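> I'd like to ask some things about the structure below.
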Amino acid sequence: MILIRYLYIGVDDTDSPDGMCTTYLASQIINEFRDNGIELVDYPRLIRLNPFARHKTRGNGGVALKILNDSKADMAKRIVLEKVEKLSMFDCDNTNPGVIFYDGEITSEMEDYAFRAIYEFITIEEAEEFGRSAGCEIHKFKKGRGIIGSIAAISLPLSDYTYELLAYRSSDNYGTKRQIDYDSVYEMDRETFPDTFENIDYSENYIAIEPKTPCPVLYGIRSDTVEALKKAKDIVKVGEPIVDWCIFKTNQHTDMHIQEVPNIASMKQFGCYCVEGEVKNKPTVIDGGHMFFYIMDDSGEIECGAYEPTKNFRKIVSHLRPGDKIRVYGGIGEQNTFNVEKFQVIHLNDVEYRNPVCECGKRMTSAGKNKGFKCKKCGKKLESSKKVPIKIQRFLKNAQFYETPVSARRHLSKPLCRMNL
Ligand code: ATP
């Protein structure tokens with residue numbers, strides 16, 4: 001039996017807020033591979049890692065390529081290193097590229113490492129030690145922080161995945177307004193949703209396929225299938241050249257960052273979780289429009305936040321009431337607040353306790369602490385201080401999921417349209 005051997009290539013941390021994108025660098029590598037007769041095995045990967053990583057430029061993504069480990073492997077390595085050397089934004093302090101070559105089987109230890117890079121923080125030293133012990137060939141540029149993501153990008157098992165088609169601009173146009181015909185984006189969404197998703201935020205009239213940074217990406221379309229992406233690309237009209245485009249296989253929109261935990265106390269800061277709890281108080285808004293409420297269980301309580309950028313989602317959150325049982329999905333950020341990405345109603349509390357209604361039809365008021373109630377209209381008194389249960393109409397629905405809008409969605413968050421509900 002002939003054993004086919006592969007070379008895995010990981011690249012990360014090549015861009016800066018002023019330009020470049022590791023996916024563009026990957027597409028340049030792929031083009032040069034093609035010119036030299038080097039074909040990829042499977043699609044290139046774009047792997048999103050810990051959303052709370054401190055040094056990320058934007059979405060904390062690393063890129064991985066897989067090729068045959070044959071006589072052209074050395075040439076492939078040379079091409080990768082040359083491209084990283086030539087295209088990385090070295091002037092930026094925060095750009096510290098890392099490249100990994102690995103020619104063995106992906107082990108369970110490597111898979112565990114990849115999940116750790118999504119769930120936790122990893123130092124450059126830890127990544128380097130792990131990479132060496134796993135047998136990776138490591139190339140660090142400047143501090144080489146990119147090796148953290150590079151090792152994860154080649155190692156992550158993709159039990160669930162999506163695709164993203166990225167179209168790239170001519171360098172003459174970098175930093176200028178993108179010439180995208182928005183009507184055609186609406187048409188594309190009508191024709192291809194839900195096979196493609198996250199195209200438009202209708203509530204905000206926000207074209208989500210268009211990046212807002214000066215990077216080489218003209219647009220990015222996300223989908224469950226390659227066919228839908230190709231159809232979508234044919235529909236979207238642009239008024240500037242597309243110099244290249246590339247389809248990546250990704251862990252975007254899979255909820256891979258979400259860890260199931262038994263209770264609130266099991267969660268840690270900078271982790272992303274799914275946890276069940278009872279709403280403790282009516283949500284309140286603070287200056288800046290951020291909305292907060294607490295959930296609790298036997299183990300403790302945590303403040304949950306729906307921040308201003310989540311726009312209309314806050315209106316939905318405002319309908320939560322004490323006693324509601326919900327399952328929240330999200331992450332615990334800088335302020336130790338659980339940043340809600342979506343929630344499911346487990347059980348709505350549809351009973352509210354109110355003052356009794358008097359025989360004359362007027363709702364009674366308290367007559368003082370433990371002094372029962374009195375009616376301001378007819379003067380009647382009640383000795384009992386017990387409020388009466390009243391069934392209330394709820395806007396929210398049992399078992400229903402509610403999510404943040406597309407404009408506020410994390411790369412890793414699974415939208416409801418992918419949840420087979
Ligand atoms: P873009 O979205 O444009 O690709 P980015 O947001 O991916 O940019 P990078 O420039 O790749 O940002 O920087 C992220 C850095 O964080 C990389 O050096 C990566 O290796 C590192 N990193 C990734 N995951 C972790 C982690 N779990 N712990 C610590 N560092 C991490």
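Just remember, in the structure tokens the first chain shown is A, the second B, etc., residues are 1-based per chain, and ligands are 1-based in the order shown.
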Around ligand 1, out to 9 Å and counting only C-alpha atoms and all ligand atoms, which residues are there? I want them as number ranges by chain.
A: 11-17, 19-23, 46-63, 94-98, 114-124, 127, 144-152, 215
> Within 10 Å of region 248-259 of chain A, which residues of region 383-412 of chain A show up? Give each one with its shortest atom-to-atom distance in Å (one decimal) and the two atoms involved, counting only C-alpha atoms, rows by chain then rising residue number, as a Markdown table.

| residue | atom | partner | partner_atom | distance |
| --- | --- | --- | --- | --- |
| A:Arg409 | CA | A:His253 | CA | 9.1 |
| A:Arg410 | CA | A:His253 | CA | 8.0 |
| A:His411 | CA | A:Gln252 | CA | 5.3 |
| A:Leu412 | CA | A:His253 | CA | 4.4 |
> Please save C-alpha atoms of the selected residues as a PDB file, in the first residue's frame.

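Listing of selection-v8.pdb after writing:
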ATOM      1  CA  ARG A 409     -22.486  39.057  14.457  1.00  0.00           C
ATOM      2  CA  ARG A 410     -19.164  37.444  15.418  1.00  0.00           C
ATOM      3  CA  HIS A 411     -17.374  35.456  12.701  1.00  0.00           C
ATOM      4  CA  LEU A 412     -17.799  32.277  14.712  1.00  0.00           C
TER       5      LEU A 412
END
> Near Met188 (chain A), within 12 Å and counting only C-alpha atoms, which residues show up once chain neighbours fewer than 4 positions away are dropped, as a compact mmCIF listing (two decimals) with N, CA, C and O atoms, in the first residue's frame?

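Ended up saving to result_39.txt:
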# COMPACT_ATOMS: atom_id res chain seq x y z
N ASP A 181 -22.29 47.33 -6.53
CA ASP A 181 -23.68 47.70 -6.84
C ASP A 181 -24.58 47.04 -5.78
O ASP A 181 -24.82 45.83 -5.81
N TYR A 182 -25.04 47.88 -4.83
CA TYR A 182 -25.78 47.33 -3.69
C TYR A 182 -27.07 46.63 -4.11
O TYR A 182 -27.46 45.63 -3.51
N ASP A 183 -27.72 47.16 -5.18
CA ASP A 183 -28.96 46.50 -5.64
C ASP A 183 -28.67 45.05 -6.02
O ASP A 183 -29.48 44.15 -5.77
N SER A 184 -27.50 44.82 -6.63
CA SER A 184 -27.18 43.46 -7.04
C SER A 184 -26.89 42.57 -5.82
O SER A 184 -27.10 41.36 -5.87
N THR A 192 -30.07 33.57 -3.36
CA THR A 192 -29.22 32.50 -2.81
C THR A 192 -29.39 32.23 -1.32
O THR A 192 -28.93 31.19 -0.83
N PHE A 193 -30.02 33.15 -0.55
CA PHE A 193 -30.27 32.88 0.87
C PHE A 193 -31.26 31.73 1.00
O PHE A 193 -32.20 31.68 0.20
N PRO A 194 -31.16 30.77 1.88
CA PRO A 194 -30.21 30.68 2.99
C PRO A 194 -28.95 29.88 2.66
O PRO A 194 -28.18 29.58 3.57
N ASP A 195 -28.76 29.50 1.36
CA ASP A 195 -27.50 28.81 1.04
C ASP A 195 -26.31 29.74 1.25
O ASP A 195 -25.23 29.31 1.63
N THR A 196 -26.52 31.04 0.96
CA THR A 196 -25.55 32.04 1.41
C THR A 196 -26.22 32.76 2.57
O THR A 196 -27.44 32.76 2.69
N PHE A 197 -25.41 33.35 3.44
CA PHE A 197 -25.99 34.05 4.60
C PHE A 197 -25.06 35.17 5.02
O PHE A 197 -23.95 35.28 4.50
N GLU A 198 -25.56 36.02 5.92
CA GLU A 198 -24.79 37.16 6.43
C GLU A 198 -24.47 38.18 5.33
O GLU A 198 -23.48 38.89 5.42
N ASN A 199 -25.29 38.23 4.28
CA ASN A 199 -25.01 39.16 3.19
C ASN A 199 -25.41 40.59 3.53
O ASN A 199 -24.69 41.53 3.25
N ILE A 200 -26.60 40.71 4.12
CA ILE A 200 -27.18 42.04 4.36
C ILE A 200 -27.83 42.05 5.73
O ILE A 200 -28.44 41.06 6.14
N ILE A 207 -24.67 46.48 4.23
CA ILE A 207 -24.17 45.47 3.29
C ILE A 207 -22.99 44.76 3.96
O ILE A 207 -21.87 45.28 4.02
N ILE A 209 -21.34 42.07 3.21
CA ILE A 209 -20.28 41.42 2.41
C ILE A 209 -19.12 42.40 2.15
O ILE A 209 -18.06 41.98 1.70
N ILE A 221 -18.39 36.60 0.56
CA ILE A 221 -19.74 36.01 0.64
C ILE A 221 -19.61 34.66 1.35
O ILE A 221 -18.72 33.86 1.04
N ARG A 222 -20.50 34.43 2.30
CA ARG A 222 -20.42 33.22 3.14
C ARG A 222 -21.55 32.26 2.79
O ARG A 222 -22.67 32.70 2.51
N ALA A 228 -23.45 27.63 -4.37
CA ALA A 228 -24.18 28.87 -4.07
C ALA A 228 -23.24 30.07 -4.16
O ALA A 228 -23.64 31.15 -4.60
N LEU A 229 -21.99 29.88 -3.77
CA LEU A 229 -21.03 30.99 -3.83
C LEU A 229 -20.77 31.40 -5.26
O LEU A 229 -20.68 32.59 -5.58
N LYS A 230 -20.64 30.40 -6.13
CA LYS A 230 -20.36 30.73 -7.54
C LYS A 230 -21.55 31.45 -8.16
O LYS A 230 -21.39 32.41 -8.91
N LYS A 231 -22.76 30.99 -7.80
CA LYS A 231 -23.97 31.66 -8.30
C LYS A 231 -24.01 33.10 -7.77
O LYS A 231 -24.28 34.04 -8.52
N ALA A 232 -23.70 33.25 -6.48
CA ALA A 232 -23.74 34.58 -5.86
C ALA A 232 -22.75 35.52 -6.54
O ALA A 232 -23.06 36.68 -6.82
N LYS A 233 -21.56 35.01 -6.83
CA LYS A 233 -20.53 35.85 -7.47
C LYS A 233 -21.00 36.34 -8.84
O LYS A 233 -20.72 37.47 -9.24
N ASP A 234 -21.73 35.48 -9.55
CA ASP A 234 -22.22 35.88 -10.87
C ASP A 234 -23.28 36.97 -10.77
O ASP A 234 -23.47 37.74 -11.70
N ILE A 235 -23.99 37.01 -9.64
CA ILE A 235 -25.06 38.00 -9.51
C ILE A 235 -24.54 39.36 -9.05
O ILE A 235 -25.01 40.40 -9.50
N VAL A 236 -23.54 39.35 -8.15
CA VAL A 236 -23.06 40.63 -7.59
C VAL A 236 -22.28 41.40 -8.67
O VAL A 236 -21.33 40.89 -9.25
N LYS A 237 -22.71 42.63 -8.90
CA LYS A 237 -22.07 43.48 -9.92
C LYS A 237 -21.15 44.48 -9.20
O LYS A 237 -21.52 45.05 -8.18
> Contacts of Ile247 (chain A) at 9 Å or less, counting only C-alpha atoms, minus same-chain residues fewer than 5 places along, as a PyMOL selection string?
chain A and resi 43-45+163-167+226+229
> Export C-alpha atoms of the chosen residues as a compact mmCIF listing (two decimals), in the first residue's frame?

# COMPACT_ATOMS: atom_id res chain seq x y z
CA TYR A 43 -9.89 24.09 -0.19
CA PRO A 44 -7.60 26.51 1.60
CA ARG A 45 -8.78 27.02 5.17
CA TYR A 163 -17.24 28.44 2.87
CA GLU A 164 -16.32 32.04 2.14
CA LEU A 165 -15.65 33.46 -1.31
CA LEU A 166 -13.30 36.42 -1.10
CA ALA A 167 -12.90 38.75 -4.09
CA VAL A 226 -19.47 26.21 -3.13
CA LEU A 229 -21.03 30.99 -3.83
> Could you pull out all residues of region 203-366 of chain A with a DSSP call of helix (DSSP H, G or I) and give them as a VMD selection string?
chain A and resid 226 to 235 264 to 266 308 to 310 313 to 317
> Using only C-alpha atoms, which of A:Asn36, A:Gln335, A:Asn355, A:Thr404 sits nearest Met75 (chain A)?
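That would be A:Asn36, the residue with the smallest distance to Met75 (chain A).
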> Report as a ChimeraX atom specification: the residues of region 34-111 of chain A with a DSSP assignment of strand (DSSP E), based on the backbone of this structure.
/A:45-48,61-68,98-102
> Those residues you just picked out, can you put them in a file as a tab-separated table (two decimals), in the first residue's frame with all heavy atoms?

chain	number	residue	atom	x	y	z
A	45	ARG	N	-7.95	26.82	3.99
A	45	ARG	CA	-8.78	27.02	5.17
A	45	ARG	C	-8.59	28.40	5.76
A	45	ARG	O	-7.46	28.88	5.83
A	45	ARG	CB	-8.34	26.05	6.28
A	45	ARG	CG	-8.54	24.62	6.00
A	45	ARG	CD	-7.75	23.86	7.07
A	45	ARG	NE	-8.47	22.67	7.43
A	45	ARG	CZ	-8.64	22.22	8.66
A	45	ARG	NH1	-8.09	22.86	9.68
A	45	ARG	NH2	-9.31	21.13	8.89
A	46	LEU	N	-9.67	28.97	6.23
A	46	LEU	CA	-9.63	30.22	7.01
A	46	LEU	C	-10.22	29.86	8.36
A	46	LEU	O	-11.42	29.58	8.46
A	46	LEU	CB	-10.45	31.31	6.31
A	46	LEU	CG	-10.80	32.55	7.14
A	46	LEU	CD1	-9.55	33.23	7.65
A	46	LEU	CD2	-11.62	33.53	6.30
A	47	ILE	N	-9.36	29.84	9.38
A	47	ILE	CA	-9.80	29.37	10.69
A	47	ILE	C	-9.83	30.52	11.69
A	47	ILE	O	-8.81	31.19	11.92
A	47	ILE	CB	-8.86	28.24	11.21
A	47	ILE	CG1	-8.81	27.07	10.21
A	47	ILE	CG2	-9.27	27.77	12.61
A	47	ILE	CD1	-10.14	26.36	9.97
A	48	ARG	N	-11.00	30.77	12.24
A	48	ARG	CA	-11.16	31.83	13.24
A	48	ARG	C	-10.84	31.28	14.62
A	48	ARG	O	-11.33	30.19	14.98
A	48	ARG	CB	-12.59	32.36	13.23
A	48	ARG	CG	-13.00	32.96	11.90
A	48	ARG	CD	-12.35	34.27	11.65
A	48	ARG	NE	-12.69	34.81	10.35
A	48	ARG	CZ	-12.24	35.96	9.87
A	48	ARG	NH1	-11.39	36.69	10.58
A	48	ARG	NH2	-12.61	36.39	8.69
A	61	GLY	N	-8.11	35.49	12.40
A	61	GLY	CA	-8.16	34.35	11.48
A	61	GLY	C	-6.76	33.91	11.07
A	61	GLY	O	-5.87	34.73	10.85
A	62	GLY	N	-6.56	32.61	11.01
A	62	GLY	CA	-5.32	32.04	10.48
A	62	GLY	C	-5.67	31.24	9.23
A	62	GLY	O	-6.81	30.82	9.05
A	63	VAL	N	-4.67	31.04	8.38
A	63	VAL	CA	-4.93	30.37	7.11
A	63	VAL	C	-4.09	29.09	7.03
A	63	VAL	O	-2.98	29.04	7.55
A	63	VAL	CB	-4.58	31.35	5.96
A	63	VAL	CG1	-4.32	30.62	4.67
A	63	VAL	CG2	-5.69	32.38	5.78
A	64	ALA	N	-4.65	28.05	6.41
A	64	ALA	CA	-3.89	26.80	6.24
A	64	ALA	C	-4.10	26.25	4.83
A	64	ALA	O	-5.19	26.37	4.25
A	64	ALA	CB	-4.33	25.77	7.28
A	65	LEU	N	-3.04	25.66	4.29
A	65	LEU	CA	-3.08	25.03	2.97
A	65	LEU	C	-2.58	23.60	3.13
A	65	LEU	O	-1.76	23.32	4.00
A	65	LEU	CB	-2.17	25.77	1.98
A	65	LEU	CG	-2.30	27.29	1.89
A	65	LEU	CD1	-1.22	27.87	0.99
A	65	LEU	CD2	-3.68	27.67	1.37
A	66	LYS	N	-3.06	22.71	2.25
A	66	LYS	CA	-2.61	21.31	2.30
A	66	LYS	C	-2.22	20.91	0.89
A	66	LYS	O	-3.00	21.10	-0.06
A	66	LYS	CB	-3.77	20.45	2.80
A	66	LYS	CG	-3.46	18.99	2.98
A	66	LYS	CD	-4.72	18.31	3.57
A	66	LYS	CE	-4.59	16.81	3.61
A	66	LYS	NZ	-5.83	16.16	4.08
A	67	ILE	N	-0.99	20.38	0.74
A	67	ILE	CA	-0.54	19.92	-0.58
A	67	ILE	C	0.09	18.54	-0.42
A	67	ILE	O	0.34	18.09	0.71
A	67	ILE	CB	0.48	20.89	-1.22
A	67	ILE	CG1	1.71	21.05	-0.31
A	67	ILE	CG2	-0.15	22.24	-1.50
A	67	ILE	CD1	2.86	21.82	-0.96
A	68	LEU	N	0.36	17.89	-1.54
A	68	LEU	CA	1.07	16.61	-1.47
A	68	LEU	C	2.50	16.87	-1.04
A	68	LEU	O	3.12	17.84	-1.49
A	68	LEU	CB	1.08	15.94	-2.84
A	68	LEU	CG	-0.23	15.32	-3.30
A	68	LEU	CD1	-0.05	14.69	-4.68
A	68	LEU	CD2	-0.72	14.27	-2.30
A	98	GLY	N	3.94	34.28	11.43
A	98	GLY	CA	4.43	32.95	11.78
A	98	GLY	C	3.99	31.97	10.73
A	98	GLY	O	2.84	32.02	10.26
A	99	VAL	N	4.92	31.11	10.30
A	99	VAL	CA	4.61	30.10	9.28
A	99	VAL	C	4.96	28.73	9.84
A	99	VAL	O	5.99	28.56	10.52
A	99	VAL	CB	5.44	30.36	7.98
A	99	VAL	CG1	5.26	29.23	6.98
A	99	VAL	CG2	5.05	31.70	7.37
A	100	ILE	N	4.10	27.77	9.56
A	100	ILE	CA	4.31	26.40	10.04
A	100	ILE	C	4.27	25.45	8.85
A	100	ILE	O	3.38	25.56	8.00
A	100	ILE	CB	3.14	26.01	10.99
A	100	ILE	CG1	3.17	26.84	12.26
A	100	ILE	CG2	3.12	24.52	11.30
A	100	ILE	CD1	4.38	26.59	13.13
A	101	PHE	N	5.21	24.53	8.80
A	101	PHE	CA	5.13	23.41	7.85
A	101	PHE	C	5.06	22.13	8.67
A	101	PHE	O	5.80	21.97	9.64
A	101	PHE	CB	6.36	23.36	6.94
A	101	PHE	CG	6.55	24.61	6.11
A	101	PHE	CD1	7.69	25.39	6.24
A	101	PHE	CD2	5.58	25.00	5.19
A	101	PHE	CE1	7.86	26.54	5.49
A	101	PHE	CE2	5.75	26.15	4.43
A	101	PHE	CZ	6.89	26.92	4.57
A	102	TYR	N	4.19	21.24	8.25
A	102	TYR	CA	4.04	19.99	9.02
A	102	TYR	C	3.74	18.86	8.04
A	102	TYR	O	2.84	18.99	7.20
A	102	TYR	CB	2.89	20.14	10.03
A	102	TYR	CG	2.62	18.88	10.81
A	102	TYR	CD1	3.50	18.44	11.80
A	102	TYR	CD2	1.47	18.12	10.55
A	102	TYR	CE1	3.25	17.28	12.51
A	102	TYR	CE2	1.21	16.96	11.26
A	102	TYR	CZ	2.11	16.55	12.23
A	102	TYR	OH	1.86	15.39	12.93
> Write out as a list in words which residues come within 8 Å of region 395-403 of chain A when counting only C-alpha atoms, dropping same-chain ones fewer than 4 positions away.
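Result of the neighbour search: Phe313, Ile316, His319, Leu320, Glu341, Lys342, Phe343, Gln344, Val345, Ile346, His347, Leu348, Pro415 and Leu416 of chain A.
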> Take the selection from the previous step and output its residues with N, CA and C atoms, as an mmCIF file, in the first residue's frame.

data_model
loop_
_atom_site.group_PDB
_atom_site.id
_atom_site.type_symbol
_atom_site.label_atom_id
_atom_site.label_comp_id
_atom_site.auth_asym_id
_atom_site.auth_seq_id
_atom_site.Cartn_x
_atom_site.Cartn_y
_atom_site.Cartn_z
ATOM 1 N N PHE A 313 -31.707 44.137 18.577
ATOM 2 C CA PHE A 313 -31.670 42.981 19.466
ATOM 3 C C PHE A 313 -31.998 43.431 20.900
ATOM 4 N N ILE A 316 -35.602 43.276 21.753
ATOM 5 C CA ILE A 316 -36.054 41.919 22.084
ATOM 6 C C ILE A 316 -35.662 41.591 23.518
ATOM 7 N N HIS A 319 -37.728 42.677 26.504
ATOM 8 C CA HIS A 319 -38.959 41.957 26.860
ATOM 9 C C HIS A 319 -38.725 40.847 27.892
ATOM 10 N N LEU A 320 -37.475 40.599 28.259
ATOM 11 C CA LEU A 320 -37.224 39.569 29.289
ATOM 12 C C LEU A 320 -37.747 40.062 30.644
ATOM 13 N N GLU A 341 -24.758 36.701 22.367
ATOM 14 C CA GLU A 341 -24.806 36.590 20.900
ATOM 15 C C GLU A 341 -26.190 36.121 20.453
ATOM 16 N N LYS A 342 -26.777 35.234 21.238
ATOM 17 C CA LYS A 342 -28.155 34.810 20.974
ATOM 18 C C LYS A 342 -28.681 34.150 22.249
ATOM 19 N N PHE A 343 -30.004 33.987 22.320
ATOM 20 C CA PHE A 343 -30.539 33.241 23.461
ATOM 21 C C PHE A 343 -31.770 32.467 23.019
ATOM 22 N N GLN A 344 -32.030 31.389 23.753
ATOM 23 C CA GLN A 344 -33.251 30.613 23.515
ATOM 24 C C GLN A 344 -34.109 30.697 24.770
ATOM 25 N N VAL A 345 -35.389 30.911 24.567
ATOM 26 C CA VAL A 345 -36.300 30.928 25.716
ATOM 27 C C VAL A 345 -36.592 29.475 26.091
ATOM 28 N N ILE A 346 -36.305 29.119 27.323
ATOM 29 C CA ILE A 346 -36.615 27.761 27.798
ATOM 30 C C ILE A 346 -38.021 27.756 28.396
ATOM 31 N N HIS A 347 -38.289 28.761 29.234
ATOM 32 C CA HIS A 347 -39.632 28.847 29.819
ATOM 33 C C HIS A 347 -39.926 30.302 30.185
ATOM 34 N N LEU A 348 -41.028 30.789 29.669
ATOM 35 C CA LEU A 348 -41.394 32.168 29.986
ATOM 36 C C LEU A 348 -42.225 32.219 31.246
ATOM 37 N N PRO A 415 -25.498 31.524 12.858
ATOM 38 C CA PRO A 415 -26.784 32.214 12.714
ATOM 39 C C PRO A 415 -27.933 31.212 12.780
ATOM 40 N N LEU A 416 -29.103 31.689 13.137
ATOM 41 C CA LEU A 416 -30.250 30.778 13.278
ATOM 42 C C LEU A 416 -30.553 30.060 11.968
#
> Quick one: pull the distance between CA of Thr284 (chain A) and CA of Asn349 (chain A), Å, one decimal.
18.3 Å
> Nearest to Ser71 (chain A): which of A:Gln28, A:Leu40, A:Leu7, A:Glu352 is it, counting only C-alpha atoms?
A:Leu7
> Would you kindly return, as a ChimeraX atom specification, each protein, DNA or RNA residue with an atom no farther than 9 Å from any atom of Met291 (chain A), considering only C-alpha atoms and excluding same-chain residues fewer than 6 positions away?
/A:283-285,304-308,314,317-318
> Please list as a PyMOL selection string every residue within 9 Å of Thr365 (chain A), counting only C-alpha atoms and excluding residues in the same chain fewer than 2 positions away.
chain A and resi 355-356+363+367-368+372-376
> Suppose we keep N, CA, C and O atoms; can you now write the selection as a short mmCIF file (atom, residue, chain, number, x, y, z; two decimals), in the first residue's frame?

data_model
loop_
_atom_site.label_atom_id
_atom_site.label_comp_id
_atom_site.auth_asym_id
_atom_site.auth_seq_id
_atom_site.Cartn_x
_atom_site.Cartn_y
_atom_site.Cartn_z
N ASN A 355 -51.19 44.18 42.77
CA ASN A 355 -52.17 44.51 43.82
C ASN A 355 -53.55 44.05 43.35
O ASN A 355 -53.84 44.07 42.15
N PRO A 356 -54.40 43.63 44.29
CA PRO A 356 -55.74 43.17 43.89
C PRO A 356 -56.59 44.32 43.33
O PRO A 356 -56.31 45.49 43.60
N ARG A 363 -57.78 49.37 40.69
CA ARG A 363 -56.69 48.59 41.31
C ARG A 363 -56.32 49.25 42.63
O ARG A 363 -56.20 50.46 42.72
N ALA A 367 -51.60 49.78 51.68
CA ALA A 367 -52.01 50.62 52.82
C ALA A 367 -50.84 50.81 53.79
O ALA A 367 -51.01 51.29 54.90
N GLY A 368 -49.67 50.40 53.38
CA GLY A 368 -48.48 50.47 54.25
C GLY A 368 -47.94 49.07 54.43
O GLY A 368 -48.62 48.09 54.11
N GLY A 372 -52.02 45.57 54.40
CA GLY A 372 -53.01 45.24 53.38
C GLY A 372 -53.11 46.29 52.29
O GLY A 372 -52.15 47.03 52.04
N PHE A 373 -54.30 46.35 51.67
CA PHE A 373 -54.50 47.30 50.56
C PHE A 373 -55.69 48.19 50.82
O PHE A 373 -56.60 47.85 51.58
N LYS A 374 -55.69 49.33 50.15
CA LYS A 374 -56.87 50.21 50.25
C LYS A 374 -57.23 50.71 48.85
O LYS A 374 -56.38 50.75 47.94
N CYS A 375 -58.51 51.04 48.71
CA CYS A 375 -58.96 51.55 47.42
C CYS A 375 -59.09 53.07 47.52
O CYS A 375 -59.78 53.59 48.38
N LYS A 376 -58.39 53.75 46.60
CA LYS A 376 -58.40 55.22 46.65
C LYS A 376 -59.73 55.78 46.17
O LYS A 376 -60.07 56.92 46.46
#
> Taking only C-alpha atoms into account, name the residue in A:Glu301, A:Glu137, A:Asp172, A:Glu359 that is nearest to Phe338 (chain A).
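Answer, going by the shortest atom-to-atom distance: A:Glu301.
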> Return the single residue from A:Glu126, A:Val185, A:Lys380, A:Glu303 that is closest to Tyr206 (chain A), with distances computed using only C-alpha atoms.
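Looking at the shortest contact to Tyr206 (chain A), the residue is A:Val185.
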> Considering only C-alpha atoms, state which residue in the set A:Ile180, A:Ala26, A:Val388, A:Ala76 is at the smallest distance from Val238 (chain A).
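Of A:Ile180, A:Ala26, A:Val388, A:Ala76, the one nearest Val238 (chain A), counting only C-alpha atoms, is A:Ile180.
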